[in-house]
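A short write-up of the structure that comes next.
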Amino acid sequence: MGIYDLDLQELPLFEGLKADEVEQFIQATGAKVKRYGKEVRILKAYETNSRIGIIVEGEALVLAEDRFGNETIGHRLERGALFGSTTAILPGYASPTAIEAVSDVLVLWVPYTALLVAGPRLGRIHASSCATCSWPSAARMS
């Protein structure tokens, strides 16, 4: 299965874009798809991160870790949900949240710096995707 066979234009991040515009975005930013198995940590608490993750397939949980290492289940992420944006945008921020796969999960990883660099060349595509990246909903971010 190729990256272009995933109906990415149906995800909220790419709302209003055509399939060829999504392809242009993927090529310009160097976004990559990675598969994770059930119960695998997709993103660890306090881990350095420079990418924004988007759930393409499957489900994951947001786990909050306290200072003693105890974990609390936050909420479930499904297709289209974004995570890791806070740590990607603020590299000095150590997030106490982890993301763990509930099922097999496919994640589209978008490098944040590539998004900034490629943005001016992408015009409308960049504006659409960046507006979606800044969703105020905590359910979309970790």
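Residue numbering restarts at 1 in every chain; chains get A, B, ... in the order shown in the structure tokens, and ligands count up from 1 in that same order.
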Q. If you count only C-alpha atoms, which residues fall within 9 Å of Ile42 of chain A, apart from same-chain ones fewer than 3 positions away, as number ranges by chain?
A. A: 36, 39, 60, 98-101, 105, 107
Q.
Please extract the residues of segment 18-51 of chain A with a backbone DSSP assignment of alpha helix (DSSP H) and present them as a PyMOL selection string.
A. chain A and resi 19-29
What does the file look like for those residues with all heavy atoms, as a PDB file, in the first residue's frame?
```
ATOM      1  N   ALA A  19      -6.751  15.287  -4.033  1.00  0.00           N
ATOM      2  CA  ALA A  19      -5.733  14.244  -3.861  1.00  0.00           C
ATOM      3  C   ALA A  19      -4.373  14.698  -4.378  1.00  0.00           C
ATOM      4  O   ALA A  19      -3.347  14.451  -3.740  1.00  0.00           O
ATOM      5  CB  ALA A  19      -6.173  12.953  -4.543  1.00  0.00           C
ATOM      6  N   ASP A  20      -4.335  15.394  -5.522  1.00  0.00           N
ATOM      7  CA  ASP A  20      -3.046  15.827  -6.063  1.00  0.00           C
ATOM      8  C   ASP A  20      -2.407  16.918  -5.192  1.00  0.00           C
ATOM      9  O   ASP A  20      -1.179  17.009  -5.090  1.00  0.00           O
ATOM     10  CB  ASP A  20      -3.166  16.269  -7.519  1.00  0.00           C
ATOM     11  CG  ASP A  20      -4.073  17.476  -7.717  1.00  0.00           C
ATOM     12  OD1 ASP A  20      -5.106  17.566  -7.024  1.00  0.00           O
ATOM     13  OD2 ASP A  20      -3.746  18.328  -8.562  1.00  0.00           O
ATOM     14  N   GLU A  21      -3.225  17.730  -4.526  1.00  0.00           N
ATOM     15  CA  GLU A  21      -2.680  18.734  -3.610  1.00  0.00           C
ATOM     16  C   GLU A  21      -2.109  18.073  -2.361  1.00  0.00           C
ATOM     17  O   GLU A  21      -1.084  18.515  -1.825  1.00  0.00           O
ATOM     18  CB  GLU A  21      -3.764  19.740  -3.226  1.00  0.00           C
ATOM     19  CG  GLU A  21      -4.205  20.619  -4.384  1.00  0.00           C
ATOM     20  CD  GLU A  21      -5.377  21.512  -4.034  1.00  0.00           C
ATOM     21  OE1 GLU A  21      -6.327  21.041  -3.370  1.00  0.00           O
ATOM     22  OE2 GLU A  21      -5.347  22.698  -4.435  1.00  0.00           O
ATOM     23  N   VAL A  22      -2.752  17.014  -1.898  1.00  0.00           N
ATOM     24  CA  VAL A  22      -2.229  16.258  -0.753  1.00  0.00           C
ATOM     25  C   VAL A  22      -0.885  15.630  -1.144  1.00  0.00           C
ATOM     26  O   VAL A  22       0.068  15.679  -0.371  1.00  0.00           O
ATOM     27  CB  VAL A  22      -3.235  15.193  -0.269  1.00  0.00           C
ATOM     28  CG1 VAL A  22      -2.615  14.326   0.814  1.00  0.00           C
ATOM     29  CG2 VAL A  22      -4.509  15.851   0.237  1.00  0.00           C
ATOM     30  N   GLU A  23      -0.802  15.074  -2.336  1.00  0.00           N
ATOM     31  CA  GLU A  23       0.464  14.500  -2.819  1.00  0.00           C
ATOM     32  C   GLU A  23       1.557  15.564  -2.840  1.00  0.00           C
ATOM     33  O   GLU A  23       2.686  15.308  -2.424  1.00  0.00           O
ATOM     34  CB  GLU A  23       0.295  13.938  -4.237  1.00  0.00           C
ATOM     35  CG  GLU A  23      -0.378  12.603  -4.293  1.00  0.00           C
ATOM     36  CD  GLU A  23      -0.419  12.053  -5.715  1.00  0.00           C
ATOM     37  OE1 GLU A  23       0.593  12.172  -6.444  1.00  0.00           O
ATOM     38  OE2 GLU A  23      -1.470  11.511  -6.079  1.00  0.00           O
ATOM     39  N   GLN A  24       1.217  16.758  -3.329  1.00  0.00           N
ATOM     40  CA  GLN A  24       2.187  17.851  -3.371  1.00  0.00           C
ATOM     41  C   GLN A  24       2.656  18.204  -1.957  1.00  0.00           C
ATOM     42  O   GLN A  24       3.841  18.431  -1.723  1.00  0.00           O
ATOM     43  CB  GLN A  24       1.552  19.069  -4.046  1.00  0.00           C
ATOM     44  CG  GLN A  24       2.489  20.232  -4.207  1.00  0.00           C
ATOM     45  CD  GLN A  24       1.810  21.445  -4.824  1.00  0.00           C
ATOM     46  OE1 GLN A  24       0.627  21.439  -5.145  1.00  0.00           O
ATOM     47  NE2 GLN A  24       2.564  22.518  -4.968  1.00  0.00           N
ATOM     48  N   PHE A  25       1.734  18.239  -1.001  1.00  0.00           N
ATOM     49  CA  PHE A  25       2.069  18.527   0.395  1.00  0.00           C
ATOM     50  C   PHE A  25       3.035  17.475   0.942  1.00  0.00           C
ATOM     51  O   PHE A  25       4.042  17.811   1.569  1.00  0.00           O
ATOM     52  CB  PHE A  25       0.788  18.567   1.232  1.00  0.00           C
ATOM     53  CG  PHE A  25       1.026  18.739   2.706  1.00  0.00           C
ATOM     54  CD1 PHE A  25       1.099  20.002   3.256  1.00  0.00           C
ATOM     55  CD2 PHE A  25       1.180  17.639   3.536  1.00  0.00           C
ATOM     56  CE1 PHE A  25       1.324  20.175   4.617  1.00  0.00           C
ATOM     57  CE2 PHE A  25       1.396  17.796   4.897  1.00  0.00           C
ATOM     58  CZ  PHE A  25       1.476  19.065   5.434  1.00  0.00           C
ATOM     59  N   ILE A  26       2.732  16.186   0.704  1.00  0.00           N
ATOM     60  CA  ILE A  26       3.563  15.085   1.193  1.00  0.00           C
ATOM     61  C   ILE A  26       4.977  15.192   0.616  1.00  0.00           C
ATOM     62  O   ILE A  26       5.972  15.069   1.337  1.00  0.00           O
ATOM     63  CB  ILE A  26       2.937  13.707   0.825  1.00  0.00           C
ATOM     64  CG1 ILE A  26       1.553  13.542   1.456  1.00  0.00           C
ATOM     65  CG2 ILE A  26       3.869  12.564   1.187  1.00  0.00           C
ATOM     66  CD1 ILE A  26       1.517  13.521   2.948  1.00  0.00           C
ATOM     67  N   GLN A  27       5.067  15.434  -0.677  1.00  0.00           N
ATOM     68  CA  GLN A  27       6.381  15.534  -1.326  1.00  0.00           C
ATOM     69  C   GLN A  27       7.165  16.736  -0.816  1.00  0.00           C
ATOM     70  O   GLN A  27       8.364  16.643  -0.545  1.00  0.00           O
ATOM     71  CB  GLN A  27       6.224  15.600  -2.840  1.00  0.00           C
ATOM     72  CG  GLN A  27       5.761  14.286  -3.427  1.00  0.00           C
ATOM     73  CD  GLN A  27       5.455  14.385  -4.915  1.00  0.00           C
ATOM     74  OE1 GLN A  27       5.497  15.459  -5.507  1.00  0.00           O
ATOM     75  NE2 GLN A  27       5.133  13.249  -5.508  1.00  0.00           N
ATOM     76  N   ALA A  28       6.496  17.877  -0.672  1.00  0.00           N
ATOM     77  CA  ALA A  28       7.175  19.104  -0.261  1.00  0.00           C
ATOM     78  C   ALA A  28       7.662  19.054   1.186  1.00  0.00           C
ATOM     79  O   ALA A  28       8.698  19.621   1.522  1.00  0.00           O
ATOM     80  CB  ALA A  28       6.257  20.303  -0.461  1.00  0.00           C
ATOM     81  N   THR A  29       6.920  18.375   2.057  1.00  0.00           N
ATOM     82  CA  THR A  29       7.292  18.331   3.476  1.00  0.00           C
ATOM     83  C   THR A  29       8.127  17.110   3.842  1.00  0.00           C
ATOM     84  O   THR A  29       8.703  17.060   4.922  1.00  0.00           O
ATOM     85  CB  THR A  29       6.045  18.350   4.380  1.00  0.00           C
ATOM     86  OG1 THR A  29       5.246  17.200   4.094  1.00  0.00           O
ATOM     87  CG2 THR A  29       5.247  19.622   4.197  1.00  0.00           C
TER      88      THR A  29
END
```
Q: Pick out the closest residue to Ser103 of chain A from this set: A:Gly74, A:Gly37, A:Gly30, A:Gly16. Count only C-alpha atoms.
A: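 Selected residue with least distance to Ser103 of chain A: A:Gly37.
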Q.
DSSP on the backbone: which residues in segment 30-59 of chain A end up as strand (DSSP E)? Give the answer as number ranges by chain.
A. A: 32-36, 41-43, 51-57
**Q.** Atom-to-atom span, atom CA of Thr48 of chain A and atom CA of Thr97 of chain A, Å
**A.**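 Atom-to-atom, atom CA of Thr48 of chain A to atom CA of Thr97 of chain A, that is 11.8 Å.
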Surrounding residues of Leu90 of chain A excluding itself and chain neighbours under 2 positions, 12 Å, only C-alpha atoms, as a PDB file with N, CA, C and O atoms, in the first residue's frame:
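Output saved as out_32.pdb:
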```pdb
ATOM      1  N   THR A  48      11.827  13.797  23.140  1.00  0.00           N
ATOM      2  CA  THR A  48      12.043  14.873  22.187  1.00  0.00           C
ATOM      3  C   THR A  48      11.335  14.500  20.895  1.00  0.00           C
ATOM      4  O   THR A  48      11.402  13.357  20.453  1.00  0.00           O
ATOM      5  N   ASN A  49      10.665  15.464  20.293  1.00  0.00           N
ATOM      6  CA  ASN A  49       9.881  15.187  19.096  1.00  0.00           C
ATOM      7  C   ASN A  49       9.895  16.407  18.182  1.00  0.00           C
ATOM      8  O   ASN A  49       9.721  17.525  18.648  1.00  0.00           O
ATOM      9  N   SER A  50      10.086  16.184  16.888  1.00  0.00           N
ATOM     10  CA  SER A  50      10.095  17.299  15.935  1.00  0.00           C
ATOM     11  C   SER A  50       9.044  17.135  14.842  1.00  0.00           C
ATOM     12  O   SER A  50       9.079  17.827  13.840  1.00  0.00           O
ATOM     13  N   ARG A  51       8.115  16.187  15.041  1.00  0.00           N
ATOM     14  CA  ARG A  51       7.122  15.902  14.001  1.00  0.00           C
ATOM     15  C   ARG A  51       5.705  15.940  14.553  1.00  0.00           C
ATOM     16  O   ARG A  51       5.478  15.646  15.718  1.00  0.00           O
ATOM     17  N   ILE A  52       4.774  16.259  13.679  1.00  0.00           N
ATOM     18  CA  ILE A  52       3.358  16.197  14.016  1.00  0.00           C
ATOM     19  C   ILE A  52       2.839  14.877  13.478  1.00  0.00           C
ATOM     20  O   ILE A  52       3.055  14.545  12.312  1.00  0.00           O
ATOM     21  N   GLY A  84       1.395  15.226  19.134  1.00  0.00           N
ATOM     22  CA  GLY A  84       2.807  15.599  19.085  1.00  0.00           C
ATOM     23  C   GLY A  84       3.069  17.014  18.626  1.00  0.00           C
ATOM     24  O   GLY A  84       4.220  17.437  18.551  1.00  0.00           O
ATOM     25  N   SER A  85       2.024  17.769  18.337  1.00  0.00           N
ATOM     26  CA  SER A  85       2.240  19.110  17.794  1.00  0.00           C
ATOM     27  C   SER A  85       2.866  20.063  18.818  1.00  0.00           C
ATOM     28  O   SER A  85       3.683  20.900  18.460  1.00  0.00           O
ATOM     29  N   THR A  86       2.510  19.927  20.076  1.00  0.00           N
ATOM     30  CA  THR A  86       3.078  20.818  21.094  1.00  0.00           C
ATOM     31  C   THR A  86       4.584  20.637  21.198  1.00  0.00           C
ATOM     32  O   THR A  86       5.330  21.617  21.203  1.00  0.00           O
ATOM     33  N   THR A  87       5.053  19.394  21.248  1.00  0.00           N
ATOM     34  CA  THR A  87       6.487  19.154  21.362  1.00  0.00           C
ATOM     35  C   THR A  87       7.219  19.441  20.059  1.00  0.00           C
ATOM     36  O   THR A  87       8.395  19.792  20.071  1.00  0.00           O
ATOM     37  N   ALA A  88       6.528  19.319  18.929  1.00  0.00           N
ATOM     38  CA  ALA A  88       7.152  19.642  17.636  1.00  0.00           C
ATOM     39  C   ALA A  88       7.351  21.146  17.505  1.00  0.00           C
ATOM     40  O   ALA A  88       8.388  21.613  17.034  1.00  0.00           O
ATOM     41  N   GLY A  92      11.654  22.717  23.391  1.00  0.00           N
ATOM     42  CA  GLY A  92      12.119  22.699  24.772  1.00  0.00           C
ATOM     43  C   GLY A  92      11.089  22.167  25.748  1.00  0.00           C
ATOM     44  O   GLY A  92      11.381  21.963  26.927  1.00  0.00           O
ATOM     45  N   TYR A  93       9.862  21.921  25.282  1.00  0.00           N
ATOM     46  CA  TYR A  93       8.783  21.455  26.153  1.00  0.00           C
ATOM     47  C   TYR A  93       8.827  19.935  26.262  1.00  0.00           C
ATOM     48  O   TYR A  93       8.810  19.233  25.254  1.00  0.00           O
ATOM     49  N   ALA A  94       8.876  19.434  27.476  1.00  0.00           N
ATOM     50  CA  ALA A  94       8.872  17.986  27.722  1.00  0.00           C
ATOM     51  C   ALA A  94       7.460  17.574  28.120  1.00  0.00           C
ATOM     52  O   ALA A  94       7.055  17.763  29.260  1.00  0.00           O
ATOM     53  N   SER A  95       6.725  17.023  27.173  1.00  0.00           N
ATOM     54  CA  SER A  95       5.330  16.666  27.429  1.00  0.00           C
ATOM     55  C   SER A  95       5.228  15.419  28.306  1.00  0.00           C
ATOM     56  O   SER A  95       5.885  14.409  28.041  1.00  0.00           O
ATOM     57  N   TYR A 112       7.838  19.210  11.421  1.00  0.00           N
ATOM     58  CA  TYR A 112       7.370  20.577  11.650  1.00  0.00           C
ATOM     59  C   TYR A 112       8.215  21.605  10.906  1.00  0.00           C
ATOM     60  O   TYR A 112       7.688  22.507  10.266  1.00  0.00           O
ATOM     61  N   THR A 113       9.529  21.487  10.954  1.00  0.00           N
ATOM     62  CA  THR A 113      10.384  22.474  10.281  1.00  0.00           C
ATOM     63  C   THR A 113      10.179  22.434   8.769  1.00  0.00           C
ATOM     64  O   THR A 113      10.199  23.476   8.123  1.00  0.00           O
TER      65      THR A 113
END
```
